[in-house]
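The next block is query-v5.cif, given as mmCIF, C-alpha atoms.
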```
data_start
#
loop_
_atom_site.label_atom_id
_atom_site.label_comp_id
_atom_site.auth_asym_id
_atom_site.auth_seq_id
_atom_site.Cartn_x
_atom_site.Cartn_y
_atom_site.Cartn_z
CA MET A 1 107.53 146.72 105.86
CA ALA A 2 105.12 144.05 107.06
CA ILE A 3 101.87 142.49 105.89
CA VAL A 4 98.75 144.42 106.84
CA TYR A 5 95.95 141.86 106.90
CA ASP A 6 93.01 144.03 105.80
CA LYS A 7 95.07 145.76 103.13
CA LEU A 8 96.30 142.50 101.65
CA MET A 9 92.84 140.91 101.75
CA ALA A 10 91.47 143.91 99.84
CA LEU A 11 94.25 143.92 97.24
CA ASP A 12 92.87 144.47 93.76
CA ILE A 13 94.70 142.19 91.35
CA PRO A 14 93.76 143.31 87.84
CA PRO A 15 92.36 140.67 85.47
CA ARG A 16 94.90 139.25 83.06
CA GLU A 17 94.06 138.76 79.42
CA GLN A 18 96.32 136.31 77.63
CA SER A 19 96.43 135.02 74.09
CA TYR A 20 98.38 131.84 73.53
CA GLY A 21 99.05 129.34 70.79
CA ALA A 22 100.78 126.10 69.94
CA LYS A 23 104.25 127.45 70.69
CA ASP A 24 103.23 128.33 74.26
CA CYS A 25 101.71 124.89 74.83
CA ILE A 26 104.85 123.21 73.52
CA LEU A 27 107.16 125.43 75.60
CA TYR A 28 105.20 124.58 78.74
CA ALA A 29 105.44 120.85 78.02
CA LEU A 30 109.19 121.12 77.41
CA GLY A 31 109.54 123.00 80.69
CA VAL A 32 107.99 120.15 82.69
CA GLY A 33 110.09 117.49 81.01
CA PHE A 34 108.27 116.24 77.95
CA GLY A 35 110.32 115.40 74.88
CA HIS A 36 113.45 113.99 76.52
CA ASP A 37 113.23 111.01 74.20
CA PRO A 38 112.65 112.12 70.59
CA MET A 39 111.44 108.59 69.75
CA ASN A 40 108.70 108.57 72.39
CA GLU A 41 105.53 108.90 70.31
CA ASP A 42 103.29 109.09 73.40
CA GLU A 43 104.92 112.38 74.42
CA LEU A 44 105.40 113.77 70.91
CA PRO A 45 101.88 115.30 70.56
CA PHE A 46 102.59 117.54 73.57
CA VAL A 47 105.77 119.00 72.04
CA TYR A 48 104.86 119.03 68.33
CA GLU A 49 102.16 121.09 66.66
CA LYS A 50 100.87 118.18 64.57
CA ASN A 51 97.87 116.68 66.44
CA LEU A 52 98.77 118.90 69.41
CA LYS A 53 97.70 117.85 72.89
CA VAL A 54 97.72 120.32 75.81
CA LEU A 55 98.71 119.34 79.32
CA PRO A 56 95.91 119.95 81.87
CA THR A 57 98.36 121.58 84.28
CA MET A 58 99.11 124.29 81.72
CA GLY A 59 96.03 125.95 83.16
CA THR A 60 98.19 126.98 86.11
CA VAL A 61 100.07 129.46 83.90
CA LEU A 62 97.13 130.79 81.85
CA GLY A 63 95.73 134.17 82.81
CA HIS A 64 98.41 134.43 85.48
CA PRO A 65 98.73 137.94 86.96
CA GLY A 66 102.50 137.67 87.30
CA PHE A 67 104.63 137.85 90.43
CA TRP A 68 102.33 140.33 92.12
CA ALA A 69 103.91 139.78 95.56
CA ARG A 70 107.03 141.53 94.26
CA ASN A 71 105.44 144.20 92.12
CA ARG A 72 102.80 145.53 94.50
CA ASP A 73 102.71 147.18 97.90
CA THR A 74 101.84 143.95 99.73
CA GLY A 75 104.26 144.01 102.65
CA ILE A 76 105.49 140.56 101.62
CA ASP A 77 109.21 139.75 101.74
CA TRP A 78 109.12 138.41 98.19
CA VAL A 79 112.66 137.00 98.20
CA LYS A 80 111.61 134.43 100.80
CA VAL A 81 108.37 133.43 99.10
CA VAL A 82 107.95 129.83 97.93
CA ASN A 83 105.02 127.94 96.47
CA GLY A 84 103.24 126.11 99.27
CA GLU A 85 100.32 124.36 97.58
CA GLN A 86 98.73 124.33 94.15
CA GLY A 87 95.58 122.90 92.66
CA ILE A 88 93.66 122.96 89.41
CA THR A 89 90.18 121.81 88.45
CA LEU A 90 89.47 121.55 84.72
CA HIS A 91 85.97 122.50 83.61
CA ARG A 92 86.81 121.57 80.04
CA PRO A 93 89.94 120.48 78.14
CA ILE A 94 92.38 123.30 77.36
CA ALA A 95 92.41 124.22 73.68
CA GLY A 96 95.64 124.46 71.71
CA ALA A 97 95.13 128.19 71.12
CA GLY A 98 92.87 130.94 72.40
CA THR A 99 92.46 134.08 74.45
CA VAL A 100 91.59 133.76 78.12
CA ILE A 101 90.82 136.05 81.03
CA GLY A 102 92.22 135.18 84.47
CA ARG A 103 90.63 136.77 87.55
CA GLN A 104 92.56 136.24 90.76
CA ARG A 105 91.48 137.06 94.30
CA ILE A 106 93.00 136.53 97.73
CA VAL A 107 90.90 134.12 99.75
CA GLU A 108 92.70 134.24 103.10
CA VAL A 109 95.94 135.27 104.82
CA ILE A 110 97.07 133.08 107.73
CA ASP A 111 99.66 134.25 110.26
CA LYS A 112 101.57 131.18 111.49
CA GLY A 113 103.49 133.21 114.08
CA VAL A 114 106.90 134.79 114.55
CA GLY A 115 109.56 132.78 112.77
CA LYS A 116 106.96 130.44 111.25
CA GLY A 117 105.92 132.46 108.21
CA ALA A 118 102.53 133.27 106.73
CA LEU A 119 100.23 131.67 104.17
CA VAL A 120 98.44 133.60 101.42
CA LEU A 121 95.62 131.59 99.84
CA SER A 122 94.30 132.71 96.45
CA GLU A 123 92.01 131.53 93.68
CA ARG A 124 92.06 132.27 89.96
CA LYS A 125 89.18 131.60 87.62
CA ILE A 126 90.13 131.24 83.94
CA ALA A 127 87.51 131.77 81.26
CA ASP A 128 87.41 131.94 77.48
CA LYS A 129 87.33 135.61 76.48
CA ALA A 130 85.01 135.13 73.50
CA THR A 131 82.34 133.04 75.21
CA GLY A 132 82.88 133.57 78.93
CA GLU A 133 82.87 129.78 79.33
CA PRO A 134 84.89 128.64 82.37
CA ILE A 135 88.02 126.66 81.55
CA ALA A 136 89.67 126.04 84.91
CA THR A 137 89.85 127.11 88.54
CA VAL A 138 93.34 127.37 90.00
CA THR A 139 94.01 127.45 93.73
CA HIS A 140 97.31 128.54 95.23
CA THR A 141 98.86 128.77 98.68
CA MET A 142 101.92 130.99 98.87
CA PHE A 143 104.26 130.33 101.80
CA CYS A 144 105.81 133.64 102.89
CA ARG A 145 108.72 132.39 104.98
CA GLY A 146 109.76 135.82 106.22
CA ASP A 147 106.38 137.27 107.16
CA GLY A 148 105.08 135.45 110.23
CA GLY A 149 104.04 137.44 113.28
CA PHE A 150 102.44 140.37 111.46
CA GLY A 151 99.41 140.26 113.77
CA GLY A 152 96.87 138.67 111.50
CA PRO A 153 94.11 136.32 112.61
CA ARG A 154 95.43 133.00 113.90
CA ARG A 155 93.53 130.54 111.76
CA GLU A 156 94.33 126.96 110.99
CA ALA A 157 95.50 126.13 107.50
CA PRO A 158 93.32 123.70 105.52
CA ALA A 159 94.19 120.07 106.26
CA PRO A 160 96.24 118.33 103.55
CA HIS A 161 94.98 115.32 101.62
CA ALA A 162 95.88 112.18 103.57
CA LEU A 163 97.85 109.55 101.69
CA PRO A 164 97.03 105.84 102.05
CA THR A 165 99.13 103.89 104.53
CA ARG A 166 99.68 100.91 102.22
CA ALA A 167 102.64 100.59 99.91
CA PRO A 168 102.29 102.56 96.64
CA ASP A 169 100.37 100.77 93.90
CA VAL A 170 102.83 102.02 91.28
CA VAL A 171 105.98 104.16 91.09
CA CYS A 172 107.17 106.27 88.14
CA ASP A 173 110.63 107.87 87.80
CA LEU A 174 110.99 110.96 85.59
CA ALA A 175 114.25 112.84 85.19
CA THR A 176 114.46 116.63 85.02
CA ARG A 177 116.97 118.47 82.86
CA PRO A 178 119.69 120.79 84.24
CA GLU A 179 118.20 123.71 82.31
CA ALA A 180 114.58 122.86 83.23
CA ALA A 181 113.99 125.98 85.36
CA LEU A 182 115.38 128.25 82.64
CA ILE A 183 112.89 126.74 80.18
CA TYR A 184 109.95 126.69 82.57
CA ARG A 185 110.35 130.38 83.49
CA LEU A 186 109.48 131.27 79.88
CA SER A 187 105.92 130.17 80.65
CA GLY A 188 105.56 133.20 82.91
CA ASP A 189 107.15 132.77 86.35
CA LEU A 190 110.17 135.06 86.24
CA ASN A 191 111.10 134.88 89.94
CA PRO A 192 114.93 135.12 89.84
CA ILE A 193 115.25 132.50 92.59
CA HIS A 194 114.98 130.03 89.70
CA SER A 195 117.63 131.61 87.51
CA GLU A 196 120.07 133.84 89.44
CA PRO A 197 122.55 132.07 91.76
CA ALA A 198 122.94 135.21 93.90
CA VAL A 199 119.19 135.49 94.51
CA ALA A 200 118.96 131.76 95.28
CA ARG A 201 121.76 132.12 97.85
CA GLN A 202 120.01 135.15 99.37
CA ALA A 203 116.94 132.94 99.84
CA GLY A 204 119.03 130.24 101.51
CA TYR A 205 119.60 127.81 98.63
CA PRO A 206 123.00 126.78 97.26
CA ARG A 207 121.82 127.23 93.66
CA PRO A 208 118.67 128.08 91.70
CA ILE A 209 115.76 125.77 92.40
CA MET A 210 113.06 124.30 90.22
CA HIS A 211 109.72 126.07 90.11
CA GLY A 212 107.24 124.33 92.35
CA LEU A 213 104.88 124.28 89.40
CA GLY A 214 107.57 122.62 87.31
CA SER A 215 107.69 119.75 89.80
CA PHE A 216 103.88 119.85 89.89
CA GLY A 217 103.78 119.35 86.12
CA THR A 218 106.30 116.52 86.32
CA ALA A 219 104.12 114.72 88.89
CA ALA A 220 101.12 115.21 86.60
CA HIS A 221 103.17 113.69 83.79
CA ALA A 222 103.60 110.56 85.93
CA ILE A 223 99.84 110.25 86.40
CA LEU A 224 99.08 110.93 82.73
CA LYS A 225 101.55 108.24 81.76
CA THR A 226 100.46 105.69 84.35
CA PHE A 227 96.69 106.05 84.54
CA CYS A 228 95.53 108.15 81.56
CA ALA A 229 97.41 106.64 78.59
CA TYR A 230 98.58 110.22 77.86
CA ASP A 231 94.97 111.36 77.27
CA PRO A 232 94.73 114.85 78.84
CA LYS A 233 90.92 114.73 78.91
CA LYS A 234 91.11 112.05 81.61
CA LEU A 235 92.90 114.22 84.20
CA VAL A 236 90.34 116.66 85.63
CA VAL A 237 91.63 117.55 89.12
CA PHE A 238 95.22 117.80 90.30
CA ALA A 239 96.45 119.27 93.59
CA ALA A 240 99.44 118.93 95.90
CA ARG A 241 101.61 120.70 98.45
CA PHE A 242 105.32 121.41 98.12
CA SER A 243 107.53 120.18 100.94
CA ALA A 244 111.11 120.55 99.69
CA PRO A 245 112.92 122.19 96.77
CA VAL A 246 114.05 120.28 93.70
CA PHE A 247 117.25 121.22 91.91
CA PRO A 248 117.22 121.08 88.10
CA GLY A 249 118.70 117.82 86.89
CA GLU A 250 117.35 115.67 89.71
CA THR A 251 114.94 112.74 89.26
CA LEU A 252 111.39 112.84 90.63
CA ARG A 253 110.08 109.48 91.78
CA THR A 254 106.27 109.67 91.96
CA GLU A 255 104.56 107.13 94.20
CA MET A 256 100.86 106.62 93.43
CA TRP A 257 97.82 104.97 95.00
CA ARG A 258 94.59 104.55 93.05
CA ASP A 259 91.18 104.26 94.72
CA GLY A 260 88.45 104.45 92.10
CA GLU A 261 88.72 107.77 90.29
CA VAL A 262 91.03 109.27 92.95
CA VAL A 263 94.80 108.93 92.67
CA SER A 264 96.80 109.92 95.73
CA PHE A 265 100.47 110.68 95.12
CA ARG A 266 103.75 112.11 96.33
CA SER A 267 107.03 112.74 94.53
CA ARG A 268 110.46 112.37 96.08
CA VAL A 269 113.89 113.37 94.81
CA ALA A 270 115.43 110.01 94.05
CA GLU A 271 119.04 111.18 94.48
CA ARG A 272 118.46 112.61 97.97
CA ASP A 273 115.42 110.58 99.15
CA VAL A 274 113.62 113.81 100.02
CA ILE A 275 109.88 114.24 99.49
CA ALA A 276 109.38 117.33 97.32
CA VAL A 277 105.69 117.10 96.34
CA ASN A 278 103.38 115.68 98.99
CA ASN A 279 99.74 115.01 99.89
CA GLY A 280 98.79 114.93 96.22
CA ARG A 281 95.26 114.24 95.04
CA ALA A 282 94.16 113.76 91.43
CA GLU A 283 90.88 112.75 89.84
CA VAL A 284 91.01 110.72 86.66
CA ARG A 285 88.26 109.59 84.33
CA ARG A 286 88.23 105.99 83.21
#
```
Rewrite the coordinates I just gave you, this time as structure tokens.
Amino acid sequence: MAIVYDKLMALDIPPREQSYGAKDCILYALGVGFGHDPMNEDELPFVYEKNLKVLPTMGTVLGHPGFWARNRDTGIDWVKVVNGEQGITLHRPIAGAGTVIGRQRIVEVIDKGVGKGALVLSERKIADKATGEPIATVTHTMFCRGDGGFGGPRREAPAPHALPTRAPDVVCDLATRPEAALIYRLSGDLNPIHSEPAVARQAGYPRPIMHGLGSFGTAAHAILKTFCAYDPKKLVVFAARFSAPVFPGETLRTEMWRDGEVVSFRSRVAERDVIAVNNGRAEVRR
């Protein structure tokens, strides 16, 4: 089975209605590494229902249609799929509870060629069910490592955000826990590459890997800590590409450059000196 361009572009992904509450917000925060230190009162509001704060990147899991590449007749070799790029724009702060509707559509499918994989670009708009008010727009690029050469249009992928050439203005190290992927998957991404050793080996990894969005949330944590004083209302745009897997238990070292309201960033695995999250761009309010 192979990707058929017109068929995949026309794929109807049903809207997803989702109700969530404080427990879901807390579970997401735990999954991206908040709460390691029970005495850290800056992080406590994200993992405790009293005066609850919600991480802006939680929008990436709200109204999510699930692992549709596996469950639908897409032609995608789902075992070899990894997260290529992710972005979120917040139209308003995420409430601690509510019911949302997520509407996802495929924006483009790019054939990189035989042996080079394919890119599937999609967009999901999340809105409050009761009012219809937009909450966030989530963009996603899925890298289908086993699907290049299907005969689709040869288009160039969007250029990544360029990082400054100067030394980072600030660096922040955040450790991940060995069970991080097993916690994060409870926020909705059940791809067994993150939990089953046999599936991870089938995909070419020695053991289960972190979710790309787990590393994404950890990088956002670094920016919230460094530039936002842990105020989630100040982080309104966050986007990055994924360049290497992270194994649960490793430390992410986020290097950041601030130019006005724009923070450029990348995160490397400190233990292996490998860049895992790259070409990052965030917008922060003062």
- [ ] Taking the file above as input, evaluate the PyMOL selection byres ((chain A and resi 30) around 12) and report the hits as a ChimeraX atom specification.
- [x] /A:23-29,31-38,43-48,54-55,58,176-177,179-187,214,217-218,221
Just the selected residues (C-alpha atoms), exported as a CSV table (one decimal), in the frame of the given file, please.
```csv
chain,number,residue,atom,x,y,z
A,23,LYS,CA,104.2,127.4,70.7
A,24,ASP,CA,103.2,128.3,74.3
A,25,CYS,CA,101.7,124.9,74.8
A,26,ILE,CA,104.8,123.2,73.5
A,27,LEU,CA,107.2,125.4,75.6
A,28,TYR,CA,105.2,124.6,78.7
A,29,ALA,CA,105.4,120.8,78.0
A,31,GLY,CA,109.5,123.0,80.7
A,32,VAL,CA,108.0,120.2,82.7
A,33,GLY,CA,110.1,117.5,81.0
A,34,PHE,CA,108.3,116.2,78.0
A,35,GLY,CA,110.3,115.4,74.9
A,36,HIS,CA,113.4,114.0,76.5
A,37,ASP,CA,113.2,111.0,74.2
A,38,PRO,CA,112.6,112.1,70.6
A,43,GLU,CA,104.9,112.4,74.4
A,44,LEU,CA,105.4,113.8,70.9
A,45,PRO,CA,101.9,115.3,70.6
A,46,PHE,CA,102.6,117.5,73.6
A,47,VAL,CA,105.8,119.0,72.0
A,48,TYR,CA,104.9,119.0,68.3
A,54,VAL,CA,97.7,120.3,75.8
A,55,LEU,CA,98.7,119.3,79.3
A,58,MET,CA,99.1,124.3,81.7
A,176,THR,CA,114.5,116.6,85.0
A,177,ARG,CA,117.0,118.5,82.9
A,179,GLU,CA,118.2,123.7,82.3
A,180,ALA,CA,114.6,122.9,83.2
A,181,ALA,CA,114.0,126.0,85.4
A,182,LEU,CA,115.4,128.2,82.6
A,183,ILE,CA,112.9,126.7,80.2
A,184,TYR,CA,110.0,126.7,82.6
A,185,ARG,CA,110.4,130.4,83.5
A,186,LEU,CA,109.5,131.3,79.9
A,187,SER,CA,105.9,130.2,80.6
A,214,GLY,CA,107.6,122.6,87.3
A,217,GLY,CA,103.8,119.4,86.1
A,218,THR,CA,106.3,116.5,86.3
A,221,HIS,CA,103.2,113.7,83.8
```
Open item on the list: With the PyMOL selection byres ((chain A and resi 238) around 7) as the selection, what would be picked from this file? Answer as a list in words, please.
Closed with: Gly87, Ile88, Thr89, Val236, Val237, Ala239, Arg281, Ala282 and Glu283 of chain A
Open item on the list: If the PyMOL selection byres ((chain A and resi 154-162) around 7) were run on this exact file, what residues would it hold? Put them as a PyMOL selection string.
Closed with: chain A and resi 110-112+152-153+163-164+279-281
Dump C-alpha atoms for the selected residues as a compact mmCIF listing (two decimals), keeping the file's coordinate frame?
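Result file result_6.txt:
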```txt
# COMPACT_ATOMS: atom_id res chain seq x y z
CA ILE A 110 97.07 133.08 107.73
CA ASP A 111 99.66 134.25 110.26
CA LYS A 112 101.57 131.18 111.49
CA GLY A 152 96.87 138.67 111.50
CA PRO A 153 94.11 136.32 112.61
CA LEU A 163 97.85 109.55 101.69
CA PRO A 164 97.03 105.84 102.05
CA ASN A 279 99.74 115.01 99.89
CA GLY A 280 98.79 114.93 96.22
CA ARG A 281 95.26 114.24 95.04
```
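Nearest residue to Leu235 of chain A, choosing from A:Ala276, A:Leu190, A:Val263, A:Leu52 and counting only C-alpha atoms: A:Val263.
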Task: Local residues around (88.3, 107.5, 84.8), at most 9 Å away, using all atoms listed in the file, as a VMD selection string - done: chain A and resid 227 to 228 234 to 235 260 to 262 283 to 286
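The residue that comes closest to Thr226 of chain A, out of A:Asp77, A:Asp169, A:Glu196, A:Glu123 and on the basis of all atoms listed in the file, is A:Asp169.
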- [ ] Within 8 Å of (116.7, 133.1, 94.7) (coordinates as in the file), grab all the protein and nucleic acid residues, counting only C-alpha atoms, and write them out as a ChimeraX atom specification.
- [x] /A:79,191-205,207-209
Box along x, y and z, 5 Å on every side, all listed atoms of segment 177-183 of chain A inside: centre and edge lengths in Å to one decimal, as AutoDock Vina command-line options.
```
--center_x 116.3 --center_y 123.4 --center_z 82.8 --size_x 16.8 --size_y 19.8 --size_z 15.2
```
Open item on the list: Using Å and a single decimal, report how far atom CA of Ile101 of chain A sits from atom CA of Glu17 of chain A.
Closed with: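 Value for the atom CA of Glu17 of chain A-atom CA of Ile101 of chain A distance: 4.5 Å.
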